[in-house]
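Structure file target.cif with mmCIF, C-alpha atoms and all ligand atoms:
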```cif
data_model
#
loop_
_atom_site.label_atom_id
_atom_site.label_comp_id
_atom_site.auth_asym_id
_atom_site.auth_seq_id
_atom_site.Cartn_x
_atom_site.Cartn_y
_atom_site.Cartn_z
CA MET A 8 17.52 -33.44 2.61
CA ARG A 9 16.90 -29.97 1.16
CA PRO A 10 14.39 -27.73 2.90
CA LYS A 11 10.95 -27.52 1.28
CA VAL A 12 9.67 -24.10 0.29
CA LEU A 13 6.10 -23.23 -0.63
CA LEU A 14 6.03 -20.71 -3.49
CA TYR A 15 2.55 -19.30 -4.07
CA LYS A 16 3.13 -16.61 -6.67
CA PRO A 17 4.56 -17.21 -10.17
CA LEU A 18 8.16 -15.94 -10.40
CA PRO A 19 10.35 -15.17 -13.43
CA ASP A 20 12.38 -18.25 -14.44
CA ASP A 21 15.74 -16.96 -13.22
CA GLU A 22 14.42 -16.13 -9.74
CA ARG A 23 12.62 -19.46 -9.54
CA GLN A 24 15.86 -21.19 -10.47
CA ARG A 25 17.72 -19.29 -7.80
CA LEU A 26 15.27 -20.66 -5.25
CA ALA A 27 15.56 -24.16 -6.75
CA MET A 28 19.35 -24.10 -6.17
CA HIS A 29 18.68 -24.04 -2.42
CA PHE A 30 15.26 -25.60 -1.86
CA ASP A 31 12.73 -28.13 -3.07
CA ILE A 32 9.94 -25.93 -4.36
CA MET A 33 6.26 -26.72 -3.96
CA GLU A 34 4.66 -24.34 -6.41
CA PHE A 35 1.16 -22.85 -6.49
CA ASP A 36 -0.43 -20.01 -8.43
CA GLY A 37 -2.24 -18.43 -5.49
CA PHE A 38 -4.35 -20.09 -2.80
CA HIS A 39 -7.98 -20.69 -3.72
CA ARG A 40 -10.82 -23.12 -3.43
CA ASP A 41 -9.54 -25.28 -6.31
CA ASN A 42 -6.09 -25.90 -4.80
CA GLU A 43 -6.96 -25.69 -1.10
CA ILE A 44 -6.29 -29.34 -0.16
CA GLU A 45 -2.94 -29.55 -1.97
CA PHE A 46 -1.91 -26.07 -0.77
CA LEU A 47 -2.60 -26.88 2.88
CA ALA A 48 -0.77 -30.21 2.58
CA ALA A 49 2.23 -28.32 1.16
CA LEU A 50 1.99 -25.72 3.94
CA ARG A 51 2.27 -28.51 6.52
CA GLU A 52 5.54 -29.62 4.90
CA ALA A 53 7.03 -26.16 4.26
CA GLU A 54 10.04 -24.76 6.10
CA GLY A 55 9.83 -21.56 4.07
CA ILE A 56 7.01 -19.75 2.29
CA ILE A 57 7.25 -17.02 -0.31
CA GLY A 58 4.46 -15.08 -2.04
CA GLY A 59 2.78 -11.70 -2.35
CA SER A 60 0.63 -9.62 -0.05
CA GLY A 61 -2.60 -10.35 -1.94
CA ILE A 62 -2.87 -13.79 -0.33
CA LYS A 63 -3.95 -13.85 3.28
CA LEU A 64 -2.53 -16.67 5.36
CA PRO A 65 -4.40 -16.32 8.63
CA THR A 66 -3.09 -17.70 11.90
CA GLU A 67 -5.42 -20.73 11.87
CA ARG A 68 -3.78 -21.76 8.59
CA LEU A 69 -0.25 -21.07 9.82
CA GLU A 70 -0.91 -23.12 12.96
CA GLN A 71 -0.85 -26.14 10.64
CA ALA A 72 2.57 -25.13 9.32
CA SER A 73 4.44 -26.81 12.15
CA LYS A 74 7.77 -26.99 10.28
CA LEU A 75 7.75 -23.34 9.20
CA LYS A 76 10.96 -21.37 9.83
CA VAL A 77 10.68 -18.30 7.54
CA ALA A 78 7.94 -16.33 5.73
CA SER A 79 9.08 -14.06 2.91
CA THR A 80 6.66 -11.65 1.27
CA ILE A 81 7.07 -9.80 -2.04
CA SER A 82 5.71 -6.61 -0.51
CA VAL A 83 6.56 -4.03 2.07
CA GLY A 84 3.19 -4.50 3.78
CA THR A 85 2.99 -7.46 6.15
CA ASP A 86 -0.59 -7.11 7.35
CA GLN A 87 -1.50 -10.43 5.73
CA TYR A 88 0.26 -12.06 8.71
CA ASP A 89 -0.15 -11.82 12.46
CA LEU A 90 3.43 -10.67 13.10
CA ASP A 91 3.22 -11.14 16.87
CA TYR A 92 1.99 -14.71 16.52
CA LEU A 93 4.86 -15.51 14.13
CA ALA A 94 7.37 -13.73 16.39
CA ARG A 95 6.18 -15.88 19.32
CA ARG A 96 7.00 -18.92 17.18
CA ASN A 97 10.37 -17.34 16.27
CA ILE A 98 9.39 -17.22 12.62
CA PRO A 99 10.82 -14.12 10.94
CA VAL A 100 8.63 -12.34 8.38
CA MET A 101 10.90 -10.93 5.70
CA HIS A 102 9.63 -8.06 3.51
CA THR A 103 10.87 -5.69 0.80
CA PRO A 104 11.15 -2.12 2.08
CA GLY A 105 13.49 0.28 0.33
CA VAL A 106 13.21 -0.87 -3.27
CA LEU A 107 9.69 0.48 -3.85
CA ASN A 108 9.72 3.92 -2.21
CA GLU A 109 10.21 6.05 -5.31
CA THR A 110 7.78 4.09 -7.49
CA THR A 111 5.08 4.14 -4.84
CA ALA A 112 5.60 7.88 -4.35
CA ASP A 113 5.22 8.32 -8.14
CA THR A 114 1.92 6.44 -7.97
CA MET A 115 0.67 8.55 -5.09
CA PHE A 116 1.56 11.69 -7.00
CA ALA A 117 -0.23 10.38 -10.10
CA LEU A 118 -3.31 9.75 -7.94
CA LEU A 119 -3.05 13.20 -6.41
CA MET A 120 -2.65 14.94 -9.78
CA CYS A 121 -5.42 12.94 -11.48
CA THR A 122 -7.78 13.70 -8.61
CA ALA A 123 -6.95 17.42 -8.41
CA ARG A 124 -7.21 17.94 -12.18
CA ARG A 125 -10.15 15.54 -12.66
CA ALA A 126 -8.02 13.81 -15.28
CA LEU A 127 -9.95 10.55 -15.60
CA GLU A 128 -13.37 12.19 -15.61
CA LEU A 129 -12.25 14.59 -18.37
CA SER A 130 -10.42 11.91 -20.33
CA ASN A 131 -13.63 9.85 -20.37
CA MET A 132 -15.52 12.91 -21.59
CA VAL A 133 -13.14 13.20 -24.57
CA LYS A 134 -13.16 9.47 -25.37
CA GLU A 135 -16.93 9.25 -25.19
CA GLY A 136 -17.42 12.16 -27.61
CA ARG A 137 -18.88 14.47 -24.95
CA TRP A 138 -16.30 17.28 -25.53
CA LYS A 139 -18.55 19.72 -27.36
CA HIS A 140 -17.11 23.08 -26.30
CA THR A 141 -14.42 24.63 -24.13
CA ILE A 142 -14.92 23.38 -20.60
CA GLY A 143 -16.35 25.79 -18.05
CA PRO A 144 -15.77 26.32 -14.33
CA ASP A 145 -18.00 23.36 -13.43
CA LEU A 146 -15.22 21.09 -14.74
CA TYR A 147 -12.16 23.02 -13.59
CA GLY A 148 -9.73 21.26 -11.29
CA THR A 149 -7.78 22.72 -8.41
CA ASP A 150 -4.10 23.72 -8.19
CA VAL A 151 -1.59 21.40 -6.61
CA HIS A 152 1.50 23.65 -6.58
CA GLY A 153 1.83 25.92 -3.60
CA LYS A 154 -0.81 24.06 -1.56
CA THR A 155 -0.46 22.33 1.82
CA LEU A 156 0.09 18.57 1.84
CA GLY A 157 -0.54 16.61 5.05
CA ILE A 158 1.19 13.22 5.12
CA VAL A 159 -0.07 10.65 7.63
CA GLY A 160 2.84 8.24 8.09
CA MET A 161 6.20 9.86 7.38
CA GLY A 162 8.18 6.68 6.71
CA ARG A 163 10.31 5.98 3.66
CA ILE A 164 7.45 6.36 1.16
CA GLY A 165 6.05 9.38 2.97
CA GLN A 166 9.44 11.06 2.63
CA ALA A 167 9.63 10.26 -1.10
CA ILE A 168 6.21 11.92 -1.51
CA ALA A 169 7.36 14.92 0.55
CA LYS A 170 10.42 15.25 -1.69
CA ARG A 171 8.27 15.48 -4.84
CA ALA A 172 5.81 17.87 -3.23
CA HIS A 173 8.37 20.18 -1.67
CA LEU A 174 11.02 20.28 -4.38
CA GLY A 175 8.81 19.92 -7.46
CA PHE A 176 5.53 21.54 -6.48
CA ASP A 177 6.52 24.10 -3.89
CA MET A 178 4.04 22.60 -1.45
CA LYS A 179 4.06 23.17 2.28
CA ILE A 180 4.56 19.82 4.02
CA GLN A 181 3.03 18.87 7.34
CA TYR A 182 2.91 15.38 8.79
CA PHE A 183 1.67 13.12 11.53
CA ASN A 184 3.71 10.10 12.56
CA ARG A 185 4.23 7.85 15.60
CA THR A 186 7.40 9.82 16.29
CA PRO A 187 8.79 13.01 14.73
CA ASN A 188 10.99 12.59 11.68
CA PRO A 189 13.88 15.11 11.95
CA GLN A 190 15.22 14.14 8.50
CA ALA A 191 11.95 15.07 6.78
CA GLU A 192 11.86 18.31 8.79
CA LYS A 193 15.38 19.19 7.66
CA ASP A 194 15.12 18.06 4.03
CA TYR A 195 11.58 19.14 3.18
CA ASP A 196 10.80 21.73 5.82
CA ALA A 197 8.10 19.37 7.08
CA GLN A 198 6.15 20.38 10.16
CA TYR A 199 5.04 17.80 12.74
CA LEU A 200 1.37 18.22 13.76
CA SER A 201 -1.22 16.34 15.77
CA LEU A 202 -3.53 14.29 13.56
CA GLU A 203 -6.42 16.66 14.28
CA ASN A 204 -4.44 19.76 13.33
CA LEU A 205 -3.14 18.11 10.18
CA LEU A 206 -6.64 17.06 9.10
CA SER A 207 -8.14 20.51 9.60
CA SER A 208 -5.39 22.51 7.88
CA SER A 209 -4.31 20.43 4.83
CA ASP A 210 -5.47 20.94 1.24
CA PHE A 211 -4.31 17.43 0.36
CA ILE A 212 -4.05 14.53 2.80
CA CYS A 213 -2.05 11.46 1.87
CA VAL A 214 -2.27 8.40 4.13
CA MET A 215 0.77 6.11 3.97
CA THR A 216 0.88 4.55 7.44
CA PRO A 217 1.13 0.73 7.61
CA LEU A 218 -1.93 -1.20 8.77
CA SER A 219 -1.63 -2.37 12.37
CA ALA A 220 -3.90 -2.71 15.40
CA SER A 221 -3.22 0.95 16.20
CA THR A 222 -3.90 2.31 12.70
CA GLN A 223 -6.95 0.25 11.77
CA GLY A 224 -9.87 2.69 11.34
CA LEU A 225 -7.58 5.67 12.00
CA ILE A 226 -9.57 7.89 9.63
CA GLY A 227 -13.33 7.70 10.13
CA GLU A 228 -16.41 9.90 10.32
CA ARG A 229 -14.97 12.24 12.97
CA GLU A 230 -11.74 12.67 11.00
CA PHE A 231 -13.49 13.37 7.67
CA ALA A 232 -15.61 15.97 9.47
CA LEU A 233 -12.43 17.79 10.50
CA MET A 234 -11.17 18.14 6.92
CA LYS A 235 -11.58 21.29 4.83
CA PRO A 236 -14.51 21.16 2.38
CA ASP A 237 -12.00 21.47 -0.49
CA CYS A 238 -9.73 18.74 0.83
CA ILE A 239 -8.50 16.00 -1.48
CA PHE A 240 -7.92 12.73 0.35
CA ILE A 241 -5.43 10.12 -0.92
CA ASN A 242 -5.02 6.62 0.52
CA GLY A 243 -2.02 4.52 -0.52
CA SER A 244 -1.58 2.47 2.66
CA ARG A 245 -4.23 -0.19 3.24
CA GLY A 246 -8.02 0.02 2.92
CA LYS A 247 -8.62 -0.84 6.56
CA VAL A 248 -6.74 2.23 7.78
CA ILE A 249 -9.85 4.19 6.85
CA ASP A 250 -13.55 3.66 7.44
CA GLU A 251 -14.62 3.24 3.81
CA SER A 252 -18.34 3.85 4.51
CA ALA A 253 -17.49 7.14 6.22
CA LEU A 254 -15.37 8.13 3.21
CA ILE A 255 -18.17 7.28 0.78
CA LYS A 256 -20.55 9.45 2.81
CA ALA A 257 -18.04 12.32 2.89
CA LEU A 258 -17.69 12.12 -0.91
CA GLN A 259 -21.41 11.73 -1.62
CA THR A 260 -22.30 14.75 0.53
CA LYS A 261 -19.29 16.77 -0.76
CA GLN A 262 -18.08 17.13 2.80
CA ILE A 263 -14.66 16.82 1.12
CA ARG A 264 -13.85 17.59 -2.50
CA ALA A 265 -12.51 14.28 -3.82
CA ALA A 266 -10.53 11.14 -3.04
CA GLY A 267 -7.82 9.19 -4.84
CA LEU A 268 -7.58 5.59 -3.66
CA ASP A 269 -5.11 2.81 -4.45
CA VAL A 270 -6.30 0.47 -1.67
CA PHE A 271 -9.68 -0.73 -0.46
CA GLN A 272 -11.26 -2.68 2.37
CA GLN A 273 -12.08 -5.44 -0.08
CA GLU A 274 -9.72 -6.08 -3.01
CA PRO A 275 -10.51 -6.38 -5.84
CA LEU A 276 -13.09 -3.66 -5.20
CA PRO A 277 -16.55 -5.06 -6.05
CA ALA A 278 -18.02 -3.32 -9.11
CA ASN A 279 -21.15 -2.50 -7.13
CA SER A 280 -19.22 -0.44 -4.57
CA PRO A 281 -20.74 3.07 -4.29
CA LEU A 282 -17.20 4.36 -4.89
CA CYS A 283 -17.52 3.27 -8.54
CA GLN A 284 -20.48 5.63 -8.99
CA LEU A 285 -18.68 8.73 -7.77
CA ASP A 286 -17.14 11.26 -10.19
CA ASN A 287 -15.09 12.66 -7.33
CA ALA A 288 -13.31 9.35 -6.63
CA VAL A 289 -10.27 8.25 -8.66
CA LEU A 290 -9.65 4.54 -8.15
CA PHE A 291 -6.47 2.60 -8.91
CA PRO A 292 -6.31 -1.21 -8.59
CA HIS A 293 -3.59 -1.35 -5.87
CA ILE A 294 -0.70 -0.46 -8.18
CA GLY A 295 1.55 1.47 -5.77
CA SER A 296 4.69 -0.49 -6.64
CA ALA A 297 3.43 -2.11 -9.86
CA THR A 298 6.04 -1.20 -12.45
CA VAL A 299 8.09 -3.76 -14.35
CA GLU A 300 11.33 -2.49 -12.80
CA THR A 301 10.18 -2.26 -9.22
CA ARG A 302 8.23 -5.51 -9.08
CA ARG A 303 11.37 -7.23 -10.39
CA LYS A 304 13.48 -5.63 -7.65
CA MET A 305 10.92 -6.70 -5.03
CA ILE A 306 11.03 -10.32 -6.23
CA THR A 307 14.84 -10.35 -6.17
CA CYS A 308 14.81 -8.83 -2.69
CA ALA A 309 12.23 -11.37 -1.42
CA VAL A 310 14.21 -14.31 -2.85
CA ASP A 311 17.44 -12.98 -1.28
CA ASN A 312 15.59 -12.48 2.00
CA LEU A 313 14.33 -16.06 2.01
CA ILE A 314 17.72 -17.58 1.16
CA ARG A 315 19.49 -15.53 3.84
CA ALA A 316 16.83 -16.04 6.52
CA MET A 317 16.70 -19.80 5.93
CA SER A 318 20.40 -19.88 6.74
CA GLY A 319 19.78 -17.87 9.91
CA ASP A 320 20.61 -14.33 8.75
CA ILE A 321 17.72 -11.96 9.41
CA SER A 322 19.86 -8.84 9.75
CA GLN A 323 18.15 -7.15 6.79
CA ASN A 324 14.44 -6.69 6.04
CA CYS A 325 12.91 -8.57 8.96
CA ALA A 326 9.50 -7.07 9.87
CA ASN A 327 9.04 -8.77 13.23
CA GLY A 328 12.61 -9.23 14.51
C1 LIG B 1 3.25 -3.54 -0.72
O1 LIG B 1 4.41 -3.75 -1.09
O2 LIG B 1 2.88 -3.71 0.45
C2 LIG B 1 2.29 -3.12 -1.76
O3 LIG B 1 1.11 -2.62 -1.22
C3 LIG B 1 1.98 -4.28 -2.70
O4 LIG B 1 1.33 -5.27 -2.00
#
```
As structure tokens - that is how I would like this structure written.
Ligand code: DGY
Amino acid sequence: MRPKVLLYKPLPDDERQRLAMHFDIMEFDGFHRDNEIEFLAALREAEGIIGGSGIKLPTERLEQASKLKVASTISVGTDQYDLDYLARRNIPVMHTPGVLNETTADTMFALLMCTARRALELSNMVKEGRWKHTIGPDLYGTDVHGKTLGIVGMGRIGQAIAKRAHLGFDMKIQYFNRTPNPQAEKDYDAQYLSLENLLSSSDFICVMTPLSASTQGLIGEREFALMKPDCIFINGSRGKVIDESALIKALQTKQIRAAGLDVFQQEPLPANSPLCQLDNAVLFPHIGSATVETRRKMITCAVDNLIRAMSGDISQNCANG
């Protein structure tokens, strides 16, 4: 009998067919109230699961998945799972690092540029017919080139951001990471600092660290208070790495200049969030890796990961091995 795999995100036909060559697929478009009973019945039968990071499968759900052998996610982030719990059950969580670094760094740079140059605010002014005369200093942005960029989390994406900033924008790079990153120091002249020193001396701060028990709430009221009043804060990791209420307060009181956010504590961000009222917040709908090319590569990688891991090979891309 072929192993059963629960697929909970629509895939392009060719990738779906590749899965179907190896497995019996039980297919769902997400997990929601309308399909809950069928989805949980399928989860109980599944030896493999594959889907995106937007769908949380908490431990109490996975406890029902008694036949589960492999979880494959079409994302680099794995915070939708309790990795330790799955490791204790010897269930590898396979993810897609590597293929999305450059695209995500592009997105972070877009966020940084839009925020610094007030691009969306000014674009709206033009579209809404409010451009009546040459803009004055009250609407000027701030330079990016030559400034100091602090990167919190100098992993693969952090390094791709450092590359753009150092080589393209002549920025000074400083970073905070669990451990020093000699490659980033060599390639981009990056300087390793304590979190406190980075926060108090950076013009731009870009948070890219994965969400884990040790990074949850890493940046809160105390940390925003350490930042320069002109600081522009960018978050491309996960919403829960920062205290969103503390950020809103820092933006409302102009304790910091502005923020560019791709991730939020609750996604989709509710329209009544105070963030939506702030001119000094640029908000993207979690699009770090969302280009046609990169999402395709992530799907191919996740399908490969599942096929290999189901046959016992977890030598590449295992997040909890
Ligand atoms: C990732 O790959 O983790 C991105 O945030 C998309 O979920």
(message) So that I can see what lies close to Ile249 (chain A), please list as a list in words the residues with an atom at most 6 Å from it, counting all atoms listed in the file and leaving out residues fewer than 6 positions away in the same chain.
(response) Gly224, Leu225, Ile226 and Gly227 of chain A
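CA of Lys74 (chain A) sits 13.2 Å away from CA of Arg9 (chain A).
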(request) Compile the contact shell of region 35-52 of chain A as a VMD selection string: residues with an atom at most 7 Å away, counting all atoms listed in the file, same-chain residues fewer than 2 positions apart removed. (result) chain A and resid 11 13 to 17 33 54 62 71 to 74
I need the chosen residues saved as a PDB file, keeping the file's coordinate frame, with C-alpha atoms.
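Below is the file selection-v9.pdb, written as the result:
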```pdb
ATOM      1  CA  LYS A  11      10.950 -27.520   1.280  1.00  0.00           C
ATOM      2  CA  LEU A  13       6.100 -23.230  -0.630  1.00  0.00           C
ATOM      3  CA  LEU A  14       6.030 -20.710  -3.490  1.00  0.00           C
ATOM      4  CA  TYR A  15       2.550 -19.300  -4.070  1.00  0.00           C
ATOM      5  CA  LYS A  16       3.130 -16.610  -6.670  1.00  0.00           C
ATOM      6  CA  PRO A  17       4.560 -17.210 -10.170  1.00  0.00           C
ATOM      7  CA  MET A  33       6.260 -26.720  -3.960  1.00  0.00           C
ATOM      8  CA  GLU A  54      10.040 -24.760   6.100  1.00  0.00           C
ATOM      9  CA  ILE A  62      -2.870 -13.790  -0.330  1.00  0.00           C
ATOM     10  CA  GLN A  71      -0.850 -26.140  10.640  1.00  0.00           C
ATOM     11  CA  ALA A  72       2.570 -25.130   9.320  1.00  0.00           C
ATOM     12  CA  SER A  73       4.440 -26.810  12.150  1.00  0.00           C
ATOM     13  CA  LYS A  74       7.770 -26.990  10.280  1.00  0.00           C
TER      14      LYS A  74
END
```
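Nearest-residue note for ligand LIG 1 (chain B): choosing from A:Pro292, A:Pro236, A:Pro189, A:Gly157, the minimum distance belongs to A:Pro292, counting only C-alpha atoms and all ligand atoms.
Checking A:Ile164, A:Val248, A:Ile321, A:Ala232 one by one against Val106 (chain A), counting only C-alpha atoms, you find the shortest gap at A:Ile164.
Around ligand LIG 1 (chain B), the neighbouring residues within 6 Å, taking all atoms listed in the file, come to Ser60, Ser82, Val83 and Gly84 of chain A.
Going from CA of Met215 (chain A) over to CA of Arg264 (chain A), you cover 19.7 Å.
Computed from the coordinates, the CA of Leu118 (chain A) to CA of Leu18 (chain A) distance equals 28.2 Å.
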Taking the point (16.8, -3.7, 3.1) as given in the file, collect each protein or nucleic acid residue that comes within 6 Å of it, counting only C-alpha atoms, and present the set as a short mmCIF file (atom, residue, chain, number, x, y, z; two decimals) with C-alpha atoms, keeping the file's coordinate frame.
```cif
data_model
loop_
_atom_site.label_atom_id
_atom_site.label_comp_id
_atom_site.auth_asym_id
_atom_site.auth_seq_id
_atom_site.Cartn_x
_atom_site.Cartn_y
_atom_site.Cartn_z
CA PRO A 104 11.15 -2.12 2.08
CA GLY A 105 13.49 0.28 0.33
CA GLN A 323 18.15 -7.15 6.79
CA ASN A 324 14.44 -6.69 6.04
#
```
